[in-house]
Each structure stands twice: as C-alpha cells, then as structure tokens.
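File shown: run-v6.cif. Contents: mmCIF, C-alpha atoms.
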```cif
data_work
#
loop_
_atom_site.label_atom_id
_atom_site.label_comp_id
_atom_site.auth_asym_id
_atom_site.auth_seq_id
_atom_site.Cartn_x
_atom_site.Cartn_y
_atom_site.Cartn_z
CA MET V 1 90.83 120.59 151.84
CA PRO V 2 93.62 118.37 150.42
CA GLN V 3 96.77 120.04 149.10
CA SER V 4 97.09 117.82 146.03
CA ALA V 5 95.75 119.54 142.90
CA TYR V 6 94.54 116.15 141.67
CA LEU V 7 92.54 115.43 144.83
CA LYS V 8 91.10 118.95 144.83
CA ARG V 9 89.92 118.41 141.27
CA VAL V 10 88.33 115.09 142.18
CA TYR V 11 86.51 116.64 145.14
CA GLU V 12 85.25 119.51 143.00
CA GLN V 13 83.89 116.97 140.52
CA VAL V 14 82.03 115.21 143.36
CA THR V 15 80.46 118.45 144.61
CA GLN V 16 79.46 119.51 141.11
CA ARG V 17 78.03 116.12 140.18
CA ASP V 18 76.14 115.59 143.45
CA PRO V 19 75.58 119.11 144.84
CA ASP V 20 72.80 118.07 147.23
CA GLN V 21 74.60 115.05 148.76
CA LYS V 22 76.20 116.78 151.75
CA GLU V 23 76.85 113.65 153.83
CA PHE V 24 78.56 111.97 150.89
CA GLN V 25 80.64 115.06 150.17
CA GLN V 26 81.71 115.19 153.83
CA ALA V 27 82.83 111.56 153.77
CA VAL V 28 84.74 112.00 150.50
CA LEU V 29 86.53 115.13 151.74
CA GLU V 30 87.60 113.46 154.98
CA VAL V 31 89.07 110.49 153.10
CA LEU V 32 90.79 112.59 150.42
CA GLU V 33 92.43 114.72 153.11
CA GLY V 34 93.85 111.53 154.58
CA LEU V 35 95.05 110.29 151.20
CA ASP V 36 96.80 113.61 150.48
CA LEU V 37 99.93 112.27 152.15
CA MET V 38 100.15 109.39 149.63
CA MET V 39 99.93 111.27 146.34
CA SER V 40 103.58 112.17 145.86
CA ARG V 41 104.56 108.50 146.24
CA HIS V 42 101.90 107.20 143.86
CA PRO V 43 101.68 109.12 140.57
CA GLU V 44 99.96 106.05 139.07
CA TYR V 45 96.78 106.97 140.94
CA GLU V 46 96.32 110.07 138.80
CA GLU V 47 97.64 108.45 135.64
CA THR V 48 94.96 105.74 135.82
CA GLY V 49 92.14 107.97 137.10
CA LEU V 50 91.98 105.73 140.14
CA ILE V 51 90.60 108.27 142.60
CA GLU V 52 87.83 109.29 140.19
CA ARG V 53 86.81 105.64 140.01
CA PHE V 54 87.17 105.19 143.75
CA VAL V 55 84.66 107.94 144.63
CA GLU V 56 82.03 106.79 142.14
CA PRO V 57 79.84 103.76 142.99
CA GLU V 58 80.05 100.84 140.60
CA ARG V 59 76.26 100.61 140.70
CA VAL V 60 73.33 102.36 142.38
CA ILE V 61 69.97 100.59 142.46
CA THR V 62 66.78 102.47 143.37
CA PHE V 63 63.36 100.86 143.50
CA ARG V 64 59.86 101.29 144.88
CA VAL V 65 58.66 99.13 147.77
CA PRO V 66 54.86 98.77 147.85
CA TRP V 67 53.29 97.10 150.88
CA VAL V 68 49.91 96.88 152.59
CA ASP V 69 49.38 98.11 156.16
CA ASP V 70 47.05 96.51 158.70
CA LYS V 71 44.13 98.67 157.54
CA GLY V 72 44.47 97.42 153.98
CA VAL V 73 45.98 100.68 152.72
CA VAL V 74 48.74 100.41 150.12
CA ARG V 75 51.92 102.21 151.17
CA VAL V 76 54.95 102.92 148.99
CA ASN V 77 58.51 103.48 150.19
CA ARG V 78 61.74 103.93 148.31
CA GLY V 79 64.43 101.26 148.46
CA TYR V 80 68.13 101.49 147.60
CA ARG V 81 71.28 99.43 147.24
CA VAL V 82 74.59 101.19 146.61
CA GLN V 83 77.17 98.70 145.32
CA PHE V 84 80.22 100.86 145.74
CA ASN V 85 83.39 98.84 145.27
CA SER V 86 84.08 95.13 144.67
CA ALA V 87 87.85 95.26 144.11
CA ILE V 88 88.69 92.97 147.05
CA GLY V 89 85.48 90.97 147.40
CA PRO V 90 81.69 90.94 147.07
CA TYR V 91 79.88 94.09 148.18
CA LYS V 92 79.28 93.96 151.93
CA GLY V 93 77.34 96.39 154.06
CA GLY V 94 74.16 96.84 156.01
CA LEU V 95 70.58 97.74 155.22
CA ARG V 96 69.13 100.75 157.07
CA PHE V 97 65.38 101.23 157.51
CA HIS V 98 64.76 104.77 158.76
CA PRO V 99 62.74 107.81 157.59
CA THR V 100 65.97 109.79 157.04
CA VAL V 101 67.41 107.33 154.53
CA ASN V 102 68.33 108.93 151.22
CA LEU V 103 70.95 108.43 148.54
CA SER V 104 73.46 110.84 150.11
CA ILE V 105 73.46 108.98 153.43
CA LEU V 106 73.73 105.57 151.77
CA LYS V 107 76.56 106.70 149.48
CA PHE V 108 78.48 108.09 152.45
CA LEU V 109 77.94 104.84 154.37
CA GLY V 110 78.88 102.70 151.36
CA PHE V 111 81.99 104.79 150.70
CA GLU V 112 83.14 104.48 154.32
CA GLN V 113 82.36 100.76 154.15
CA ILE V 114 84.98 100.22 151.43
CA LEU V 115 87.81 101.26 153.74
CA LYS V 116 86.29 99.75 156.87
CA ASN V 117 85.98 96.37 155.18
CA SER V 118 89.49 96.61 153.78
CA LEU V 119 90.86 97.32 157.27
CA THR V 120 89.45 94.05 158.58
CA GLY V 121 91.87 92.16 156.32
CA LEU V 122 88.97 90.03 155.05
CA PRO V 123 87.98 89.70 151.35
CA ILE V 124 84.90 91.95 151.31
CA GLY V 125 84.07 95.00 149.22
CA GLY V 126 81.92 97.98 150.18
CA GLY V 127 78.19 98.60 149.82
CA LYS V 128 75.14 99.87 151.67
CA GLY V 129 71.38 99.93 151.25
CA GLY V 130 68.05 100.51 152.87
CA ALA V 131 64.73 102.28 152.65
CA ASP V 132 62.92 105.33 154.04
CA PHE V 133 60.67 102.99 156.03
CA ASP V 134 60.35 103.28 159.81
CA PRO V 135 59.80 99.95 161.63
CA LYS V 136 58.96 101.85 164.83
CA GLY V 137 55.25 101.79 165.55
CA LYS V 138 54.59 99.13 162.93
CA SER V 139 53.01 95.78 163.70
CA GLU V 140 54.84 92.49 163.16
CA GLY V 141 52.69 91.87 160.09
CA GLU V 142 53.48 95.28 158.61
CA VAL V 143 57.22 94.84 159.13
CA MET V 144 57.06 91.36 157.60
CA ARG V 145 55.11 92.54 154.53
CA PHE V 146 57.48 95.45 153.99
CA CYS V 147 60.56 93.19 154.23
CA GLN V 148 59.03 90.70 151.82
CA SER V 149 58.28 93.42 149.27
CA PHE V 150 61.76 94.92 149.70
CA MET V 151 63.44 91.55 149.10
CA THR V 152 61.20 90.78 146.12
CA GLU V 153 63.15 93.46 144.25
CA LEU V 154 66.51 93.28 146.03
CA ASN V 155 66.96 89.53 145.53
CA ARG V 156 67.92 89.90 141.88
CA HIS V 157 70.87 92.15 142.79
CA ILE V 158 72.49 90.16 145.62
CA GLY V 159 74.18 86.79 146.20
CA GLN V 160 76.93 85.31 148.35
CA PHE V 161 79.51 86.01 145.62
CA VAL V 162 77.93 89.29 144.50
CA ASP V 163 76.56 91.36 147.38
CA VAL V 164 75.91 90.32 150.98
CA PRO V 165 73.71 92.72 152.99
CA ALA V 166 73.46 92.77 156.77
CA GLY V 167 71.55 94.80 159.36
CA ASP V 168 71.93 98.41 160.38
CA ILE V 169 69.66 100.98 162.05
CA GLY V 170 66.09 99.66 161.93
CA VAL V 171 67.17 96.25 160.65
CA GLY V 172 67.80 93.68 163.37
CA GLY V 173 67.37 89.94 163.67
CA ARG V 174 63.61 90.13 163.06
CA GLU V 175 63.98 92.01 159.78
CA ILE V 176 66.89 89.86 158.58
CA GLY V 177 64.77 86.76 159.23
CA TYR V 178 61.88 88.07 157.11
CA LEU V 179 64.27 89.17 154.36
CA PHE V 180 66.03 85.79 154.30
CA GLY V 181 62.74 83.90 154.27
CA GLN V 182 61.57 85.82 151.21
CA TYR V 183 64.92 85.37 149.43
CA LYS V 184 64.81 81.63 150.05
CA LEU V 185 61.21 81.44 148.80
CA ILE V 186 61.93 83.33 145.59
CA ARG V 187 65.23 81.62 144.79
CA ASP V 188 64.19 78.15 145.99
CA SER V 189 67.70 77.79 147.36
CA TYR V 190 69.20 77.84 150.85
CA ASP V 191 72.02 80.33 150.24
CA ALA V 192 72.77 81.09 153.87
CA ALA V 193 75.71 83.40 153.14
CA VAL V 194 73.56 85.85 151.15
CA LEU V 195 72.61 87.74 154.34
CA THR V 196 74.40 88.11 157.65
CA GLY V 197 73.03 88.87 161.08
CA LYS V 198 70.76 85.83 160.82
CA GLY V 199 69.32 83.96 163.78
CA LEU V 200 71.45 81.22 165.30
CA ASP V 201 68.88 78.62 164.21
CA PHE V 202 69.45 79.30 160.50
CA GLY V 203 73.11 80.13 159.92
CA GLY V 204 73.80 83.09 162.18
CA SER V 205 77.05 83.51 164.07
CA LEU V 206 77.61 83.76 167.77
CA VAL V 207 78.97 87.21 168.80
CA ARG V 208 77.36 88.91 165.76
CA THR V 209 74.92 90.83 167.96
CA GLU V 210 77.69 91.93 170.30
CA ALA V 211 80.37 92.42 167.65
CA THR V 212 80.32 96.15 166.90
CA GLY V 213 80.17 97.16 170.57
CA TYR V 214 82.73 94.57 171.66
CA GLY V 215 85.03 95.43 168.77
CA LEU V 216 84.82 99.13 169.58
CA CYS V 217 86.07 98.41 173.09
CA TYR V 218 88.82 96.03 171.95
CA LEU V 219 90.25 98.67 169.61
CA THR V 220 89.84 101.46 172.18
CA ASN V 221 91.60 99.44 174.85
CA GLU V 222 94.48 98.71 172.49
CA MET V 223 94.68 102.42 171.60
CA LEU V 224 94.81 103.34 175.29
CA ASN V 225 97.45 100.70 175.96
CA CYS V 226 99.66 101.51 172.98
CA MET V 227 99.43 105.30 173.02
CA LYS V 228 99.01 106.06 176.75
CA LYS V 229 100.06 102.89 178.58
CA ASP V 230 96.52 102.92 180.00
CA SER V 231 93.27 100.94 179.83
CA PHE V 232 89.53 101.07 180.56
CA ALA V 233 90.15 100.10 184.18
CA GLY V 234 88.77 102.69 186.57
CA LYS V 235 87.56 105.01 183.80
CA SER V 236 84.17 106.72 183.55
CA VAL V 237 82.56 106.28 180.12
CA ILE V 238 79.69 108.00 178.31
CA ILE V 239 78.10 106.14 175.40
CA SER V 240 75.48 107.85 173.27
CA GLY V 241 72.72 105.69 171.84
CA SER V 242 71.06 102.63 173.34
CA GLY V 243 70.86 100.19 170.45
CA ASN V 244 72.98 97.08 169.96
CA VAL V 245 76.25 98.96 169.53
CA ALA V 246 75.79 101.06 172.67
CA ILE V 247 74.45 98.18 174.76
CA PHE V 248 77.30 95.81 174.00
CA ALA V 249 79.94 98.53 174.18
CA THR V 250 78.57 99.15 177.67
CA GLU V 251 78.84 95.44 178.45
CA LYS V 252 82.42 95.07 177.25
CA ALA V 253 83.65 98.36 178.73
CA THR V 254 82.25 97.26 182.08
CA GLN V 255 83.95 93.87 181.76
CA LEU V 256 87.21 95.71 181.09
CA GLY V 257 86.88 97.62 184.36
CA ALA V 258 85.17 100.87 183.31
CA LYS V 259 82.00 102.45 184.67
CA VAL V 260 79.50 103.53 182.00
CA ILE V 261 77.43 106.37 183.49
CA ALA V 262 75.14 107.54 180.66
CA LEU V 263 73.19 106.29 177.62
CA SER V 264 70.72 108.03 175.31
CA ASP V 265 68.11 107.64 172.61
CA SER V 266 66.64 110.11 170.12
CA ASN V 267 64.51 111.77 172.82
CA GLY V 268 66.90 112.18 175.75
CA TYR V 269 69.47 110.58 178.02
CA ILE V 270 69.84 108.79 181.33
CA HIS V 271 72.59 109.47 183.87
CA ASP V 272 73.38 106.87 186.50
CA PRO V 273 76.42 107.92 188.57
CA LYS V 274 76.65 104.44 190.13
CA GLY V 275 77.06 102.85 186.71
CA ILE V 276 74.45 101.72 184.19
CA ASN V 277 72.50 98.60 185.17
CA LEU V 278 72.74 96.81 181.86
CA ASP V 279 70.16 94.15 182.69
CA VAL V 280 67.53 96.88 182.98
CA VAL V 281 68.61 98.49 179.70
CA LYS V 282 68.47 95.15 177.87
CA GLU V 283 64.98 94.49 179.22
CA ILE V 284 63.76 97.93 178.08
CA LYS V 285 65.47 98.15 174.71
CA LEU V 286 65.91 94.58 173.49
CA LYS V 287 62.83 92.87 174.91
CA ARG V 288 60.22 95.62 175.25
CA ARG V 289 61.52 97.87 172.46
CA GLY V 290 60.87 100.75 174.87
CA ARG V 291 62.39 104.20 175.40
CA ILE V 292 65.46 104.89 177.51
CA LYS V 293 63.50 107.20 179.85
CA GLU V 294 61.89 104.09 181.38
CA TYR V 295 65.24 103.35 183.03
CA ALA V 296 64.95 106.32 185.40
CA SER V 297 61.64 105.10 186.81
CA GLU V 298 63.08 101.63 187.45
CA VAL V 299 66.55 102.42 188.86
CA PRO V 300 66.74 104.62 191.98
CA GLY V 301 69.43 107.29 191.87
CA SER V 302 69.35 107.66 188.09
CA ALA V 303 67.88 110.60 186.18
CA TYR V 304 66.39 111.15 182.72
CA THR V 305 66.76 114.42 180.81
CA GLU V 306 65.05 115.41 177.56
CA GLY V 307 67.36 116.31 174.68
CA PHE V 308 69.85 113.63 173.65
CA GLN V 309 72.78 116.00 172.98
CA GLY V 310 72.82 117.03 176.64
CA ILE V 311 74.53 113.74 177.44
CA TRP V 312 77.85 115.35 176.51
CA ASN V 313 77.53 117.89 179.35
CA ILE V 314 78.46 115.08 181.76
CA PRO V 315 82.20 114.78 182.48
CA CYS V 316 83.85 111.48 181.53
CA ASP V 317 87.22 109.92 180.80
CA ILE V 318 86.19 108.17 177.58
CA ALA V 319 83.48 109.30 175.14
CA MET V 320 81.95 106.81 172.72
CA PRO V 321 79.39 108.30 170.31
CA CYS V 322 77.29 105.33 169.17
CA ALA V 323 74.04 106.96 168.03
CA THR V 324 74.12 108.41 164.50
CA GLN V 325 76.10 110.53 162.05
CA ASN V 326 77.16 114.10 162.85
CA GLU V 327 75.98 114.09 166.47
CA ILE V 328 79.22 115.69 167.70
CA ASP V 329 79.74 119.26 166.49
CA LYS V 330 82.49 121.72 167.43
CA ALA V 331 80.71 123.03 170.53
CA ILE V 332 80.07 119.53 171.88
CA ALA V 333 83.64 118.50 171.14
CA GLU V 334 84.87 121.49 173.13
CA LYS V 335 82.67 120.41 176.05
CA ILE V 336 84.10 116.89 175.93
CA VAL V 337 87.64 118.30 175.98
CA LYS V 338 86.85 120.78 178.76
CA ASN V 339 85.30 118.01 180.86
CA GLY V 340 88.58 116.11 180.87
CA ALA V 341 88.16 113.23 178.40
CA ILE V 342 91.35 111.43 177.38
CA ALA V 343 89.88 109.45 174.47
CA VAL V 344 87.03 109.48 171.95
CA ALA V 345 86.14 106.35 169.97
CA GLU V 346 83.39 106.32 167.35
CA GLY V 347 80.86 103.49 167.48
CA ALA V 348 78.38 105.06 165.04
CA ASN V 349 79.23 105.89 161.43
CA MET V 350 80.78 109.37 161.10
CA PRO V 351 79.29 110.71 164.38
CA SER V 352 81.84 113.53 164.62
CA ARG V 353 81.80 116.50 162.28
CA PRO V 354 85.18 117.52 160.74
CA GLU V 355 85.47 120.56 162.97
CA ALA V 356 84.87 118.34 166.03
CA ILE V 357 87.64 115.96 165.01
CA GLU V 358 89.94 118.95 164.63
CA VAL V 359 89.12 120.01 168.20
CA PHE V 360 89.96 116.54 169.54
CA GLN V 361 93.22 116.31 167.63
CA LYS V 362 94.40 119.80 168.61
CA ALA V 363 93.66 118.99 172.25
CA GLY V 364 95.79 115.83 172.04
CA ILE V 365 92.87 113.54 172.83
CA LEU V 366 93.15 110.00 171.47
CA PHE V 367 90.67 109.69 168.62
CA ALA V 368 89.59 106.43 166.96
CA PRO V 369 87.57 107.07 163.76
CA ALA V 370 84.51 105.00 162.94
CA LYS V 371 85.92 103.21 159.91
CA ALA V 372 88.44 101.57 162.23
CA ALA V 373 86.68 101.55 165.59
CA ASN V 374 83.29 100.16 164.56
CA ALA V 375 84.53 97.58 162.05
CA GLY V 376 83.80 94.70 164.43
CA GLY V 377 80.28 94.24 163.13
CA VAL V 378 81.23 93.75 159.51
CA ALA V 379 84.26 91.67 160.53
CA THR V 380 82.00 89.23 162.35
CA SER V 381 79.57 89.29 159.43
CA ALA V 382 82.42 88.10 157.24
CA LEU V 383 83.15 85.39 159.81
CA GLU V 384 79.47 84.40 159.58
CA MET V 385 79.88 84.09 155.79
CA SER V 386 82.89 81.83 156.34
CA GLN V 387 80.97 79.59 158.73
CA ASN V 388 78.06 79.37 156.26
CA SER V 389 80.45 78.33 153.49
CA MET V 390 81.97 75.63 155.71
CA ARG V 391 78.54 74.44 157.00
CA TYR V 392 80.04 74.85 160.44
CA SER V 393 79.69 77.03 163.55
CA TRP V 394 82.48 78.27 165.80
CA THR V 395 81.94 78.68 169.54
CA PHE V 396 81.33 82.08 171.13
CA GLU V 397 84.87 82.06 172.49
CA GLU V 398 86.37 81.23 169.08
CA VAL V 399 84.52 84.03 167.28
CA ASP V 400 85.22 86.50 170.08
CA ALA V 401 88.94 85.71 169.95
CA LYS V 402 88.99 86.20 166.17
CA LEU V 403 87.14 89.49 166.56
CA LYS V 404 89.59 90.73 169.19
CA ASP V 405 92.57 89.85 166.99
CA ILE V 406 91.00 91.64 164.00
CA MET V 407 90.34 94.82 166.00
CA ILE V 408 93.84 94.88 167.48
CA ASN V 409 95.28 94.43 163.97
CA ILE V 410 93.09 97.25 162.63
CA PHE V 411 94.44 99.60 165.29
CA HIS V 412 98.06 98.71 164.56
CA ASN V 413 97.59 98.92 160.78
CA ALA V 414 96.19 102.45 161.17
CA TYR V 415 98.79 103.41 163.78
CA ASP V 416 101.68 102.10 161.67
CA ALA V 417 100.42 103.81 158.49
CA ALA V 418 100.23 107.13 160.34
CA GLU V 419 103.82 106.65 161.52
CA GLU V 420 104.99 105.72 158.01
CA TYR V 421 103.49 108.85 156.45
CA GLY V 422 104.78 111.27 159.06
CA VAL V 423 101.65 111.92 161.11
CA PRO V 424 102.22 109.76 164.22
CA GLY V 425 99.12 109.22 166.33
CA ASP V 426 96.72 110.47 163.63
CA LEU V 427 94.46 107.43 163.34
CA VAL V 428 92.11 109.26 160.95
CA ALA V 429 94.82 109.57 158.31
CA GLY V 430 96.26 106.19 159.24
CA ALA V 431 92.96 104.35 158.82
CA ASN V 432 92.30 106.01 155.47
CA ILE V 433 95.76 105.17 154.16
CA ALA V 434 95.83 101.61 155.48
CA GLY V 435 92.37 100.82 154.14
CA PHE V 436 92.88 102.53 150.79
CA ARG V 437 96.24 100.93 149.91
CA LYS V 438 94.78 97.45 149.65
CA VAL V 439 91.80 98.59 147.58
CA ALA V 440 93.98 100.71 145.29
CA SER V 441 96.38 97.84 144.66
CA ALA V 442 93.49 95.55 143.73
CA MET V 443 91.92 98.15 141.45
CA LEU V 444 95.20 98.76 139.63
CA SER V 445 95.75 95.01 139.21
CA GLN V 446 92.31 94.57 137.66
CA GLY V 447 92.65 97.33 135.04
CA ILE V 448 90.14 100.04 134.18
CA VAL V 449 86.91 98.51 135.49
#
```

Please re-express this file's structure in structure tokens.
Amino acid sequence: MPQSAYLKRVYEQVTQRDPDQKEFQQAVLEVLEGLDLMMSRHPEYEETGLIERFVEPERVITFRVPWVDDKGVVRVNRGYRVQFNSAIGPYKGGLRFHPTVNLSILKFLGFEQILKNSLTGLPIGGGKGGADFDPKGKSEGEVMRFCQSFMTELNRHIGQFVDVPAGDIGVGGREIGYLFGQYKLIRDSYDAAVLTGKGLDFGGSLVRTEATGYGLCYLTNEMLNCMKKDSFAGKSVIISGSGNVAIFATEKATQLGAKVIALSDSNGYIHDPKGINLDVVKEIKLKRRGRIKEYASEVPGSAYTEGFQGIWNIPCDIAMPCATQNEIDKAIAEKIVKNGAIAVAEGANMPSRPEAIEVFQKAGILFAPAKAANAGGVATSALEMSQNSMRYSWTFEEVDAKLKDIMINIFHNAYDAAEEYGVPGDLVAGANIAGFRKVASAMLSQGIV
C-alpha cells in the first residue's frame, strides 16, 4: 500500500467504485506504490486531481456481438473497447478473444498499456479491447463471421488518429485480416494504420510477429549486462507459454547463446534438456495450431507433463513467464529462487502476483516487469503505423534495429528513474515513474480533460 495519503485515497476510491474488478485493482495498486516516491516532489498532481483522472478510463465501450455458427445457430458474445488515456497519442492496444475476457481484465491491460506505450518513447496512448469469444475449436467461417460482426460495431469507435487496435491472445494475423477487411468494406477507405499486426501483403510490418519475444530478450540482455556484467550466453532458460511471445523469445534467446529447456501451454509443459527444437514447436503451434504435448512424441529425449505450473519446478538461470496474468504466485516464486535463477523477465502482462515480485526483489534476483519487458510488440506496432503513414516498408534488419534500440532505451529509462528516486535496481518502480512522468506532463499541459 502506498504511503501517500493522497494515493491511498485514490486507491480506496477505485476499490469502492469497482469492487469486483480484482485484476484492475491489482494493477492500480502496483502502479500507485511505484508512484509513491514522486508525490512529495509533485504537489500539482493532487492539486489538479491528476491521479484520479489517470486511473479512470476516458471511455469504455461495451457491445453485443451476434454471429451465426456453422449449424445456422445464432450466437451472442460480448465485445469491449477500453479507451483509457490519449494524452500522448491515439489509444493503442490489442484485442483479446478469450472466454475469460471481462471488463476487469481489459481495464487492467489498458491501464498497464498507458505506461508501456509511454516507455517506448513513441506518441501512442493506452487502450485495450476484446470479447469473450474463443477462436479455438471454431471453423474458419465461424471466426470470420465473428470478426466481421465485432468490427461492424467497433469501426465507429476507432481510426488511425483515434484508436488503433492490434492483436493479443486469440487474435493473430488471421483475425486481424478479417477485422481489417470488414473495416475497409464498411468505411470504403483503405486506412491501413487503423489496425496493426496486418499481413505483409496489406500494410503489415516485418518483425511484428517476432517483436514481443525479441524485445523481451533485448531488454533482458541489457539488464544482465548493465546490472550483472553478464548475458544470455551459456544460460538455461525456462519460458512459459508457447504462443508468439514464447516462440520468438525462445528464438532470440537461443541466438544470444542461451539454451531454452521448457515451454508450456494451458494443459501442461514439455522439458527438453538438450534444448527446445524450435522448428518442431513452430510446426505444431503456428502451422497445425496443435498442443504442446505433441512435441514429446516427435522429439526423442523430451518429456511432457500435465499441469502447466509444474514447469517452474525445473531449475534454470533465467525465467521468462510468457503465458498469462498471475501465473507466478509466492510459492512458485520461491521455487524459482531456490532453483538458482538470477533473473526473471515478464513476457506476458502482469504474470507475477505482487507477493511473487516481493520474493524476487528480496532475493536480489533481477526482475524486469511486463510494462517494460514486453513493450516490443506495441513498439513495433507503432513502427507499422509509421510505415503505413509513409506508404513505405522498412527491411527486417531496419525494424529489428529500431526495436532493439527502443528496448535498450526502455531499460535505461527505468533504471535511471529508479536511481533518481533512491531505489537503485528496482525496475518496477523505475518503469512506473519513467512511464508516468511523460503522461502526467501531457495531461497537465492539456488542462482538465
């Protein structure tokens, strides 16, 4: 809990106003605790009610999404867009299609997105959206019809200078293509920068698919270098998840000299002591849309175990949770510490519970929070917007170099802010402070809006 009476009051207002939104409350508390260090230097925040405005979305849109399945039965899902903060640019954040989607999760993601986007140094605000629709097990036609219905409502609330969605869990290149096609049909206009994560044939950017995983590794490597005079070279790595973030974090970590020995999905995990064969994983997950357990039957010497949280029983040097929010609790964090890890870097959004982060920090383990470590995806989305505006495409090497520079700068901005406010090495506080300062300055400059 923050020490500032003002921040305590703001947090109490959040819990009273949204008592059932536990994920959102968790995200707000974590940020306010980081901002606690700033309050004595900035009385204007309380005088202008800035923090009250900061924790409240500018706009929340909820709508029904009716669609017809392959049997001709009408289905109805609930769609959302949380337009949280536009102080430094148009709302920017992904769309998540998953049965667990609700307003609390999207508000937490949108709130985190404000600071994450600010940390990139690019002119993008924070937002998030999605639906409680599960693409898994659906036919191509069903996914297409759902996306078309979703965009039929969403299109009136977005635009390249208003709100620019991207993908997230359950929303990949296929879904973005269907969404963009429907937007173009309704608007009768080729506004390529209205969505990011598009295919390369119609305005997408090279490196976008790899960006979050690559960026996670670039920041982690810089953290290791700066804070321990170390690197990925020769390290054993565990990465939870097996989606785009996990796959391309595996690829980049391996390129940087590490050996990734385990991946997971929602059912269980694989352990390959020789090092994950990424070609097999890509075939299973990206081409066949299969389950990670198939790996064990195709790669001799590997093993599959039911229960995804068991992955953290395996000793490693570097832990990278890339699956979903709150997967690392106190007990798991203690296992990671006991097993000898020197660093934890978050690839998913808020995968570590507050008590887990406390365990890591007390143990002296390097810890890179999600809002800094997984910002590579949105950074490259913003680079895609830039290329769309220029009617131009950069090469893979050009985008990758820009991404690497952005991630290195994010680390140093967070690191330097932590030093400035008397908590050296605390990248949680540093990321919150560094991201918030820019947004706060813009909000104050624009008056009470």

Closest of V:Cys316, V:Ile276, V:Val449, V:Cys322 to Glu56 (chain V) - atom-to-atom distances counting all atoms listed in the file: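 Closest to Glu56 (chain V) of all the choices is V:Val449.
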
Residues within 12 Å of (88.8, 99.0, 139.0), counting only C-alpha atoms, listed as a VMD selection string: chain V and resid 45 48 to 58 84 to 88 125 439 to 449

CA of Leu185 (chain V) to CA of Thr62 (chain V), distance in Å rounded to a single decimal: 22.4 Å

Within 10 Å of Ala249 (chain V) using only C-alpha atoms, minus same-chain residues under 3 positions, as a list in words: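 After dropping sequence-adjacent residues, the list is Glu210, Ala211, Thr212, Gly213, Tyr214, Gly215, Leu216, Cys217, Tyr218, Ile239, Ser242, Gly243, Asn244, Val245, Ala246, Lys252, Ala253, Thr254, Gln255, Val260, Met320, Cys322 and Gly347 of chain V.
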
Residues selected by the PyMOL selection byres ((chain V and resi 95-110) around 6), written as a list of chain:residue names: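 On the file shown, the PyMOL selection byres ((chain V and resi 95-110) around 6) covers V:Gln21, V:Glu23, V:Phe24, V:Ala27, V:Gly94, V:Phe111, V:Glu112, V:Gln113, V:Gly126, V:Gly127, V:Lys128, V:Gly129, V:Gly130, V:Ala131, V:Asp132, V:Phe133, V:Asp134, V:Ala166, V:Gly167, V:Asp168, V:Ile169, V:Gly170.
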
Nearby residues, (82.1, 90.3, 160.5) file frame, 12 Å, all atoms listed in the file, as a PyMOL selection string: chain V and resi 92-94+116-124+164-167+193+195-197+204-212+214-215+374-387+399-400+402-404+406-407

Which residue of V:Asn267, V:Asn432, V:Gln309, V:Asn277 approaches Glu251 (chain V) most closely, using all atoms listed in the file: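 Counting all atoms listed in the file, the residue closest to Glu251 (chain V) is V:Asn277.
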
Nearest to Pro300 (chain V) by atom-to-atom distance, counting all atoms listed in the file, from V:Phe360, V:Ile270, V:Ile284, V:Val237: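 Of V:Phe360, V:Ile270, V:Ile284, V:Val237, the one nearest Pro300 (chain V), counting all atoms listed in the file, is V:Ile270.
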
Explicit residue set for the PyMOL selection byres ((chain V and resi 145-157) around 8), as an NGL selection string: :V and (63 or 65-68 or 79 or 81 or 141-144 or 158-159 or 162-163 or 175 or 178-179 or 182-183 or 186)

Residue IDs satisfying the PyMOL selection byres ((chain V and resi 291) around 10), as an NGL selection string: :V and (242 or 264-269 or 281 or 284-285 or 288-290 or 292-295)

Place N, CA, C and O atoms on region 186-197 of chain V and deliver the coordinates as a short mmCIF file (atom, residue, chain, number, x, y, z; two decimals), in the coordinates of the input.
```cif
data_model
loop_
_atom_site.label_atom_id
_atom_site.label_comp_id
_atom_site.auth_asym_id
_atom_site.auth_seq_id
_atom_site.Cartn_x
_atom_site.Cartn_y
_atom_site.Cartn_z
N ILE V 186 61.83 82.92 146.99
CA ILE V 186 61.93 83.33 145.59
C ILE V 186 62.97 82.51 144.85
O ILE V 186 62.74 82.05 143.72
N ARG V 187 64.12 82.30 145.47
CA ARG V 187 65.23 81.62 144.79
C ARG V 187 65.14 80.10 144.88
O ARG V 187 65.86 79.41 144.16
N ASP V 188 64.31 79.60 145.78
CA ASP V 188 64.19 78.15 145.99
C ASP V 188 65.56 77.53 146.24
O ASP V 188 65.91 76.49 145.70
N SER V 189 66.33 78.22 147.10
CA SER V 189 67.70 77.79 147.36
C SER V 189 68.12 78.30 148.73
O SER V 189 67.85 79.46 149.07
N TYR V 190 68.78 77.45 149.50
CA TYR V 190 69.20 77.84 150.85
C TYR V 190 70.61 78.42 150.80
O TYR V 190 71.59 77.76 151.16
N ASP V 191 70.72 79.66 150.33
CA ASP V 191 72.02 80.33 150.24
C ASP V 191 72.24 81.14 151.51
O ASP V 191 72.02 82.35 151.56
N ALA V 192 72.69 80.46 152.55
CA ALA V 192 72.77 81.09 153.87
C ALA V 192 73.67 82.32 153.89
O ALA V 192 73.41 83.28 154.62
N ALA V 193 74.74 82.31 153.08
CA ALA V 193 75.71 83.40 153.14
C ALA V 193 75.26 84.64 152.37
O ALA V 193 76.03 85.59 152.24
N VAL V 194 74.03 84.68 151.90
CA VAL V 194 73.56 85.85 151.15
C VAL V 194 73.19 87.00 152.08
O VAL V 194 73.13 88.16 151.67
N LEU V 195 72.91 86.72 153.33
CA LEU V 195 72.61 87.74 154.34
C LEU V 195 73.34 87.38 155.63
O LEU V 195 73.46 86.20 155.96
N THR V 196 73.80 88.38 156.35
CA THR V 196 74.40 88.11 157.65
C THR V 196 73.62 88.85 158.74
O THR V 196 72.86 89.76 158.47
N GLY V 197 73.85 88.40 159.97
CA GLY V 197 73.03 88.87 161.08
C GLY V 197 71.81 87.99 161.27
O GLY V 197 70.84 88.38 161.91
#
```
